[in-house]
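Just entry_21.pdb here, PDB, C-alpha atoms:
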```pdb
ATOM      1  CA  MET A 110     -17.421  13.139 -16.544  1.00  0.00           C
ATOM      2  CA  GLY A 111     -16.693  10.733 -13.729  1.00  0.00           C
ATOM      3  CA  ARG A 112     -13.561  10.381 -11.674  1.00  0.00           C
ATOM      4  CA  LEU A 113     -10.743   7.847 -12.090  1.00  0.00           C
ATOM      5  CA  VAL A 114      -9.129   7.014  -8.751  1.00  0.00           C
ATOM      6  CA  TYR A 115      -5.734   5.784  -9.891  1.00  0.00           C
ATOM      7  CA  LEU A 116      -4.170   3.874  -7.003  1.00  0.00           C
ATOM      8  CA  MET A 117      -0.427   3.296  -7.092  1.00  0.00           C
ATOM      9  CA  GLY A 118       1.958   1.737  -4.625  1.00  0.00           C
ATOM     10  CA  ALA A 119       4.671  -0.816  -4.229  1.00  0.00           C
ATOM     11  CA  SER A 120       3.892  -4.498  -3.923  1.00  0.00           C
ATOM     12  CA  GLY A 121       2.717  -5.318  -0.406  1.00  0.00           C
ATOM     13  CA  VAL A 122       1.009  -2.021   0.438  1.00  0.00           C
ATOM     14  CA  GLY A 123      -2.389  -3.675   0.019  1.00  0.00           C
ATOM     15  CA  LYS A 124      -3.843  -2.060  -3.102  1.00  0.00           C
ATOM     16  CA  ASP A 125      -5.874  -5.127  -4.051  1.00  0.00           C
ATOM     17  CA  SER A 126      -7.198  -5.531  -0.502  1.00  0.00           C
ATOM     18  CA  LEU A 127      -8.206  -1.866  -0.524  1.00  0.00           C
ATOM     19  CA  LEU A 128      -9.948  -2.291  -3.865  1.00  0.00           C
ATOM     20  CA  ASP A 129     -11.828  -5.333  -2.531  1.00  0.00           C
ATOM     21  CA  ALA A 130     -12.902  -3.358   0.549  1.00  0.00           C
ATOM     22  CA  ALA A 131     -14.018  -0.423  -1.604  1.00  0.00           C
ATOM     23  CA  ARG A 132     -16.062  -2.748  -3.807  1.00  0.00           C
ATOM     24  CA  ALA A 133     -17.804  -4.262  -0.766  1.00  0.00           C
ATOM     25  CA  ARG A 134     -18.480  -0.937   1.002  1.00  0.00           C
ATOM     26  CA  HIS A 135     -19.285   1.244  -2.028  1.00  0.00           C
ATOM     27  CA  PRO A 136     -21.126  -0.787  -4.672  1.00  0.00           C
ATOM     28  CA  ASP A 137     -21.755   2.458  -6.584  1.00  0.00           C
ATOM     29  CA  TRP A 138     -17.996   2.752  -7.217  1.00  0.00           C
ATOM     30  CA  LEU A 139     -16.724   0.686 -10.119  1.00  0.00           C
ATOM     31  CA  VAL A 140     -13.481  -1.237  -9.656  1.00  0.00           C
ATOM     32  CA  ALA A 141     -11.860  -1.780 -13.030  1.00  0.00           C
ATOM     33  CA  HIS A 142      -9.972  -4.967 -13.698  1.00  0.00           C
ATOM     34  CA  ARG A 143      -6.605  -4.981 -15.407  1.00  0.00           C
ATOM     35  CA  TYR A 144      -5.646  -7.157 -18.315  1.00  0.00           C
ATOM     36  CA  VAL A 145      -2.284  -8.785 -17.621  1.00  0.00           C
ATOM     37  CA  THR A 146      -0.035 -11.355 -19.280  1.00  0.00           C
ATOM     38  CA  ARG A 147      -0.044 -13.696 -16.274  1.00  0.00           C
ATOM     39  CA  ASP A 148      -2.569 -15.465 -14.095  1.00  0.00           C
ATOM     40  CA  SER A 149      -3.674 -13.355 -11.134  1.00  0.00           C
ATOM     41  CA  GLY A 150      -3.954 -16.436  -8.946  1.00  0.00           C
ATOM     42  CA  GLY A 151      -7.297 -15.167  -7.679  1.00  0.00           C
ATOM     43  CA  THR A 152      -5.672 -12.524  -5.473  1.00  0.00           C
ATOM     44  CA  GLU A 153      -6.247  -9.515  -7.695  1.00  0.00           C
ATOM     45  CA  ASN A 154      -8.868  -8.182 -10.060  1.00  0.00           C
ATOM     46  CA  GLY A 155      -7.268  -9.164 -13.350  1.00  0.00           C
ATOM     47  CA  VAL A 156      -8.015 -10.861 -16.633  1.00  0.00           C
ATOM     48  CA  ALA A 157      -5.164 -13.137 -17.694  1.00  0.00           C
ATOM     49  CA  LEU A 158      -4.148 -12.945 -21.345  1.00  0.00           C
ATOM     50  CA  THR A 159      -1.375 -14.635 -23.260  1.00  0.00           C
ATOM     51  CA  PRO A 160       1.213 -12.254 -24.721  1.00  0.00           C
ATOM     52  CA  ASP A 161      -0.285 -12.866 -28.174  1.00  0.00           C
ATOM     53  CA  GLU A 162      -3.816 -12.112 -26.954  1.00  0.00           C
ATOM     54  CA  PHE A 163      -2.585  -8.929 -25.313  1.00  0.00           C
ATOM     55  CA  ALA A 164      -0.751  -7.818 -28.458  1.00  0.00           C
ATOM     56  CA  SER A 165      -3.815  -8.511 -30.572  1.00  0.00           C
ATOM     57  CA  ARG A 166      -6.073  -6.466 -28.285  1.00  0.00           C
ATOM     58  CA  ARG A 167      -3.547  -3.627 -28.263  1.00  0.00           C
ATOM     59  CA  ARG A 168      -3.468  -3.634 -32.096  1.00  0.00           C
ATOM     60  CA  LEU A 169      -7.279  -3.523 -32.126  1.00  0.00           C
ATOM     61  CA  GLY A 170      -7.249  -0.448 -29.864  1.00  0.00           C
ATOM     62  CA  LEU A 171      -9.150  -2.180 -27.048  1.00  0.00           C
ATOM     63  CA  PHE A 172      -7.061  -0.633 -24.260  1.00  0.00           C
ATOM     64  CA  CYS A 173      -7.221   2.957 -23.084  1.00  0.00           C
ATOM     65  CA  LEU A 174      -3.906   2.585 -21.232  1.00  0.00           C
ATOM     66  CA  THR A 175      -1.085   0.018 -21.273  1.00  0.00           C
ATOM     67  CA  TRP A 176       2.272  -0.371 -19.542  1.00  0.00           C
ATOM     68  CA  GLN A 177       4.965  -2.921 -18.845  1.00  0.00           C
ATOM     69  CA  ALA A 178       6.311  -3.894 -15.430  1.00  0.00           C
ATOM     70  CA  HIS A 179       8.417  -6.828 -14.273  1.00  0.00           C
ATOM     71  CA  GLY A 180       8.407  -8.317 -17.766  1.00  0.00           C
ATOM     72  CA  LEU A 181       4.598  -8.338 -18.000  1.00  0.00           C
ATOM     73  CA  ASP A 182       2.106  -6.332 -20.030  1.00  0.00           C
ATOM     74  CA  TYR A 183      -0.763  -4.574 -18.242  1.00  0.00           C
ATOM     75  CA  GLY A 184      -3.749  -2.788 -19.732  1.00  0.00           C
ATOM     76  CA  LEU A 185      -6.979  -1.034 -18.864  1.00  0.00           C
ATOM     77  CA  GLY A 186      -9.867  -1.687 -21.215  1.00  0.00           C
ATOM     78  CA  LEU A 187     -11.936   0.875 -23.089  1.00  0.00           C
ATOM     79  CA  GLU A 188     -14.917   0.059 -20.856  1.00  0.00           C
ATOM     80  CA  LEU A 189     -13.304   2.315 -18.258  1.00  0.00           C
ATOM     81  CA  GLU A 190     -13.885   5.353 -20.483  1.00  0.00           C
ATOM     82  CA  ALA A 191     -17.550   4.413 -20.956  1.00  0.00           C
ATOM     83  CA  TRP A 192     -17.987   4.269 -17.170  1.00  0.00           C
ATOM     84  CA  LEU A 193     -16.342   7.670 -16.738  1.00  0.00           C
ATOM     85  CA  ALA A 194     -18.544   9.141 -19.485  1.00  0.00           C
ATOM     86  CA  ARG A 195     -21.545   8.049 -17.419  1.00  0.00           C
ATOM     87  CA  GLY A 196     -20.269  10.032 -14.424  1.00  0.00           C
ATOM     88  CA  GLN A 197     -19.077   7.064 -12.396  1.00  0.00           C
ATOM     89  CA  THR A 198     -16.306   6.900  -9.804  1.00  0.00           C
ATOM     90  CA  VAL A 199     -13.888   4.262 -11.065  1.00  0.00           C
ATOM     91  CA  LEU A 200     -11.016   2.791  -9.043  1.00  0.00           C
ATOM     92  CA  VAL A 201      -8.053   1.045 -10.614  1.00  0.00           C
ATOM     93  CA  ASN A 202      -4.750  -0.469  -9.554  1.00  0.00           C
ATOM     94  CA  GLY A 203      -2.480   1.695 -11.691  1.00  0.00           C
ATOM     95  CA  SER A 204       1.242   2.132 -12.276  1.00  0.00           C
ATOM     96  CA  ARG A 205       3.609   5.042 -11.719  1.00  0.00           C
ATOM     97  CA  ARG A 206       5.180   4.278 -15.112  1.00  0.00           C
ATOM     98  CA  ALA A 207       1.837   4.871 -16.810  1.00  0.00           C
ATOM     99  CA  LEU A 208       0.885   7.944 -14.742  1.00  0.00           C
ATOM    100  CA  PRO A 209       2.074  10.492 -17.348  1.00  0.00           C
ATOM    101  CA  ALA A 210       0.042   8.755 -20.070  1.00  0.00           C
ATOM    102  CA  ALA A 211      -2.943   8.496 -17.694  1.00  0.00           C
ATOM    103  CA  ARG A 212      -2.725  12.248 -17.031  1.00  0.00           C
ATOM    104  CA  VAL A 213      -2.823  12.937 -20.771  1.00  0.00           C
ATOM    105  CA  ARG A 214      -5.642  10.467 -21.455  1.00  0.00           C
ATOM    106  CA  PHE A 215      -7.921  11.270 -18.493  1.00  0.00           C
ATOM    107  CA  GLY A 216      -7.032  14.884 -17.643  1.00  0.00           C
ATOM    108  CA  GLU A 217      -9.143  16.417 -14.886  1.00  0.00           C
ATOM    109  CA  ALA A 218     -10.982  13.134 -14.313  1.00  0.00           C
ATOM    110  CA  LEU A 219      -7.784  11.552 -12.942  1.00  0.00           C
ATOM    111  CA  SER A 220      -7.272  11.382  -9.159  1.00  0.00           C
ATOM    112  CA  PRO A 221      -3.881   9.748  -8.580  1.00  0.00           C
ATOM    113  CA  MET A 222      -3.294   8.381  -5.083  1.00  0.00           C
ATOM    114  CA  LEU A 223      -0.282   6.656  -3.597  1.00  0.00           C
ATOM    115  CA  VAL A 224      -1.111   3.812  -1.215  1.00  0.00           C
ATOM    116  CA  THR A 225       1.551   3.536   1.470  1.00  0.00           C
ATOM    117  CA  ALA A 226       2.268   1.520   4.595  1.00  0.00           C
ATOM    118  CA  PRO A 227       5.146   1.329   7.070  1.00  0.00           C
ATOM    119  CA  GLU A 228       8.030  -0.751   5.751  1.00  0.00           C
ATOM    120  CA  ALA A 229       7.715  -3.310   8.555  1.00  0.00           C
ATOM    121  CA  VAL A 230       4.071  -3.902   7.594  1.00  0.00           C
ATOM    122  CA  ILE A 231       4.946  -4.272   3.909  1.00  0.00           C
ATOM    123  CA  ALA A 232       7.774  -6.712   4.667  1.00  0.00           C
ATOM    124  CA  GLU A 233       5.486  -8.847   6.839  1.00  0.00           C
ATOM    125  CA  ARG A 234       2.775  -8.909   4.157  1.00  0.00           C
ATOM    126  CA  LEU A 235       5.297  -9.960   1.522  1.00  0.00           C
ATOM    127  CA  ARG A 236       6.667 -12.725   3.767  1.00  0.00           C
ATOM    128  CA  ARG A 237       3.134 -14.038   4.414  1.00  0.00           C
ATOM    129  CA  ARG A 238       2.414 -13.978   0.692  1.00  0.00           C
ATOM    130  CA  GLY A 239       5.407 -16.249   0.159  1.00  0.00           C
ATOM    131  CA  ARG A 240       6.248 -15.274  -3.429  1.00  0.00           C
ATOM    132  CA  GLU A 241       9.451 -13.331  -2.706  1.00  0.00           C
ATOM    133  CA  ASP A 242      12.689 -14.235  -0.953  1.00  0.00           C
ATOM    134  CA  GLU A 243      14.397 -11.781   1.434  1.00  0.00           C
ATOM    135  CA  ALA A 244      16.421 -10.127  -1.333  1.00  0.00           C
ATOM    136  CA  GLN A 245      13.265  -9.609  -3.382  1.00  0.00           C
ATOM    137  CA  ILE A 246      11.469  -8.234  -0.335  1.00  0.00           C
ATOM    138  CA  GLU A 247      14.259  -5.708   0.181  1.00  0.00           C
ATOM    139  CA  ALA A 248      14.004  -4.743  -3.486  1.00  0.00           C
ATOM    140  CA  ARG A 249      10.245  -4.191  -3.038  1.00  0.00           C
ATOM    141  CA  LEU A 250      10.914  -1.998   0.012  1.00  0.00           C
ATOM    142  CA  ALA A 251      13.434   0.020  -1.991  1.00  0.00           C
ATOM    143  CA  ARG A 252      10.766   0.448  -4.692  1.00  0.00           C
ATOM    144  CA  HIS A 253       8.344   1.682  -2.015  1.00  0.00           C
ATOM    145  CA  ARG A 254      10.847   4.346  -0.924  1.00  0.00           C
ATOM    146  CA  GLU A 255      11.507   5.295  -4.551  1.00  0.00           C
ATOM    147  CA  LEU A 256       7.798   5.715  -5.287  1.00  0.00           C
ATOM    148  CA  ALA A 257       7.256   7.965  -2.280  1.00  0.00           C
ATOM    149  CA  ALA A 258      10.180  10.178  -3.297  1.00  0.00           C
ATOM    150  CA  ALA A 259       9.206  10.291  -6.978  1.00  0.00           C
ATOM    151  CA  LEU A 260       5.617  11.422  -6.418  1.00  0.00           C
ATOM    152  CA  PRO A 261       5.720  14.222  -3.837  1.00  0.00           C
ATOM    153  CA  GLU A 262       2.652  15.955  -5.319  1.00  0.00           C
ATOM    154  CA  VAL A 263       0.409  12.873  -5.214  1.00  0.00           C
ATOM    155  CA  ALA A 264      -2.040  12.426  -2.332  1.00  0.00           C
ATOM    156  CA  ARG A 265      -1.263   9.542   0.007  1.00  0.00           C
ATOM    157  CA  VAL A 266      -3.456   7.005   1.727  1.00  0.00           C
ATOM    158  CA  ASP A 267      -1.828   5.018   4.544  1.00  0.00           C
ATOM    159  CA  ASN A 268      -2.827   1.345   4.492  1.00  0.00           C
ATOM    160  CA  GLY A 269      -0.750   0.321   7.500  1.00  0.00           C
ATOM    161  CA  GLY A 270      -3.741  -0.134   9.798  1.00  0.00           C
ATOM    162  CA  SER A 271      -7.146  -1.664   9.262  1.00  0.00           C
ATOM    163  CA  LEU A 272      -8.810  -1.662   5.862  1.00  0.00           C
ATOM    164  CA  ALA A 273     -11.762   0.205   7.392  1.00  0.00           C
ATOM    165  CA  GLU A 274      -9.431   3.045   8.430  1.00  0.00           C
ATOM    166  CA  THR A 275      -7.780   3.115   5.021  1.00  0.00           C
ATOM    167  CA  LEU A 276     -11.108   3.136   3.212  1.00  0.00           C
ATOM    168  CA  ALA A 277     -12.318   5.989   5.435  1.00  0.00           C
ATOM    169  CA  ALA A 278      -9.134   7.944   4.595  1.00  0.00           C
ATOM    170  CA  LEU A 279      -9.664   7.282   0.883  1.00  0.00           C
ATOM    171  CA  CYS A 280     -13.274   8.533   1.122  1.00  0.00           C
ATOM    172  CA  GLU A 281     -12.062  11.649   2.942  1.00  0.00           C
ATOM    173  CA  ARG A 282      -9.468  12.348   0.229  1.00  0.00           C
ATOM    174  CA  LEU A 283     -12.073  11.966  -2.496  1.00  0.00           C
ATOM    175  CA  ASP A 284     -14.493  14.269  -0.626  1.00  0.00           C
ATOM    176  CA  GLU A 285     -11.723  16.895  -0.287  1.00  0.00           C
ATOM    177  CA  GLU A 286     -11.126  16.775  -4.034  1.00  0.00           C
ATOM    178  CA  CYS A 287     -14.823  17.286  -4.731  1.00  0.00           C
ATOM    179  CA  ARG A 288     -14.883  20.393  -2.505  1.00  0.00           C
ATOM    180  CA  ALA A 289     -11.734  21.850  -4.083  1.00  0.00           C
TER
END
```

Represent the structure from my file as structure tokens, please.
Amino acid sequence: MGRLVYLMGASGVGKDSLLDAARARHPDWLVAHRYVTRDSGGTENGVALTPDEFASRRRLGLFCLTWQAHGLDYGLGLELEAWLARGQTVLVNGSRRALPAARVRFGEALSPMLVTAPEAVIAERLRRRGREDEAQIEARLARHRELAAALPEVARVDNGGSLAETLAALCERLDEECRA
């Protein structure tokens, strides 16, 4: 069985940037896309579906994991399980809400990791992105604090510096798990 690296973190911590860097540096790792009921705008690894398309695929059992966040539906496709069955390391942008279901579904193959960054870095990233106003940015920062407090047992990877440093830290965490 392979390993599912289940990255979580508040908006602005740089999960998608980290996934892009991992894909470029480690072509042997598979980065799973998410199915989502909105257009990704080209900034994340997602397949946009209408709500009806998503519901139809859920009824057909084509997702191995689904969750809702911010009024949207998210899902991971069954292809992820085929990759794990072939012994692959698979990375995914996951959700804290779906972590309990992911633990049940993937068991020992699951490696949850919380991507963090200093609040000032997150706020600056969100401002540059331009999708949130100041009140929404503060709400995202509050969510970041909430996530950190809610998952004390989950390994952390700090993405406040360069992506190369963060990717090196992620590799180190994964190596530690393999030795354990």

Explicit residue set for the PyMOL selection byres ((chain A and resi 256) around 9), as a list in words:
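Answer for the PyMOL selection byres ((chain A and resi 256) around 9): Met117, Gly118, Ala119, Arg205, Leu223, Ala251, Arg252, His253, Arg254, Glu255, Ala257, Ala258, Ala259, Leu260 and Pro261 of chain A.
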
Would you pick out the contacts of A:Trp176 at 9 Å or less, using all atoms listed in the file, so that residues sharing its chain but fewer than 4 positions from it are not included, and give the list as a list in words?
Leu181, Asp182, Tyr183, Gly184, Ser204, Arg206 and Ala207 of chain A

Residues as selected, C-alpha atoms, written as a PDB file, keeping the file's coordinate frame, can you do that?
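For reference, selection-v1.pdb as written:
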```
ATOM      1  CA  LEU A 181       4.598  -8.338 -18.000  1.00  0.00           C
ATOM      2  CA  ASP A 182       2.106  -6.332 -20.030  1.00  0.00           C
ATOM      3  CA  TYR A 183      -0.763  -4.574 -18.242  1.00  0.00           C
ATOM      4  CA  GLY A 184      -3.749  -2.788 -19.732  1.00  0.00           C
ATOM      5  CA  SER A 204       1.242   2.132 -12.276  1.00  0.00           C
ATOM      6  CA  ARG A 206       5.180   4.278 -15.112  1.00  0.00           C
ATOM      7  CA  ALA A 207       1.837   4.871 -16.810  1.00  0.00           C
TER       8      ALA A 207
END
```

Mind telling me what the PyMOL selection byres ((chain A and resi 139) around 10) catches here, as a list in words?
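Checking the PyMOL selection byres ((chain A and resi 139) around 10) against this file, the residues are Leu113, Val114, Leu128, Ala131, Arg132, His135, Pro136, Asp137, Trp138, Val140, Ala141, His142, Leu189, Trp192, Leu193, Gln197, Thr198, Val199, Leu200 and Val201 of chain A.
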
A:Ser220, A:Ser126, A:Ser165, A:Asn202 ranked by distance to A:Glu262, top pick (using all atoms listed in the file)
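For A:Glu262, the nearest of the candidates is A:Ser220.
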
With all atoms listed in the file as the atoms that count, which of A:Gly121, A:Arg112, A:Glu188, A:Leu272 lies nearest to A:Arg240?
A:Gly121

Run the PyMOL selection byres ((chain A and resi 268) around 7) against the file shown and list the residues it catches, as a list of chain:residue names.
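Applying the PyMOL selection byres ((chain A and resi 268) around 7) to the structure shown produces A:Val122, A:Gly123, A:Val224, A:Thr225, A:Ala226, A:Val266, A:Asp267, A:Gly269, A:Gly270, A:Leu272, A:Thr275.
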
Quick one: pull the distance between atom CA of A:Ala273 and atom CA of A:Ala130, Å, one decimal.
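Distance reported for this atom pair: 7.8 Å.
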
All file atoms of stretch 170-173 of chain A boxed axis-aligned, 8 Å per side, centre plus edges, as JSON:
```
{"center_x": -8.1, "center_y": 0.4, "center_z": -26.5, "size_x": 18.1, "size_y": 21.1, "size_z": 22.8}
```

Which one is closest to A:Gly196: A:Leu127, A:Leu235, A:Ala210, A:Ala218? Count all atoms listed in the file.
A:Ala218

Give the answer as one residue: which of A:Leu250, A:Ser120, A:Met110, A:Glu286 has the shortest atom-to-atom distance to A:Ala178, using only C-alpha atoms?
A:Ser120

Rounded to one decimal, what separation in Å do you get between atom CA of A:Ala229 and atom CA of A:Gly180?
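For atom CA of A:Ala229 relative to atom CA of A:Gly180, the distance reads 26.8 Å.
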
What does the structure give for the distance between atom CA of A:Ala264 and atom CA of A:Gly111, in Å to one decimal?
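Pair atom CA of A:Ala264 / atom CA of A:Gly111 returns 18.6 Å.
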
Please tell me which residues are no farther than 6 Å from (-6.7, 7.9, -4.1) in the file, counting only C-alpha atoms, and write them as a list of chain:residue names.
A:Val114, A:Leu116, A:Pro221, A:Met222, A:Leu279

Mind dumping the selected residues with C-alpha atoms as an mmCIF file, in the coordinates of the input?
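What ended up in result-v9.cif:
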```cif
data_model
loop_
_atom_site.group_PDB
_atom_site.id
_atom_site.type_symbol
_atom_site.label_atom_id
_atom_site.label_comp_id
_atom_site.auth_asym_id
_atom_site.auth_seq_id
_atom_site.Cartn_x
_atom_site.Cartn_y
_atom_site.Cartn_z
ATOM 1 C CA VAL A 114 -9.129 7.014 -8.751
ATOM 2 C CA LEU A 116 -4.170 3.874 -7.003
ATOM 3 C CA PRO A 221 -3.881 9.748 -8.580
ATOM 4 C CA MET A 222 -3.294 8.381 -5.083
ATOM 5 C CA LEU A 279 -9.664 7.282 0.883
#
```

Under the rule that all atoms listed in the file are counted, which of A:Lys124, A:Arg265, A:His179, A:Arg168 is the nearest residue to A:Asn154?
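Ranked by minimum distance to A:Asn154, first place goes to A:Lys124.
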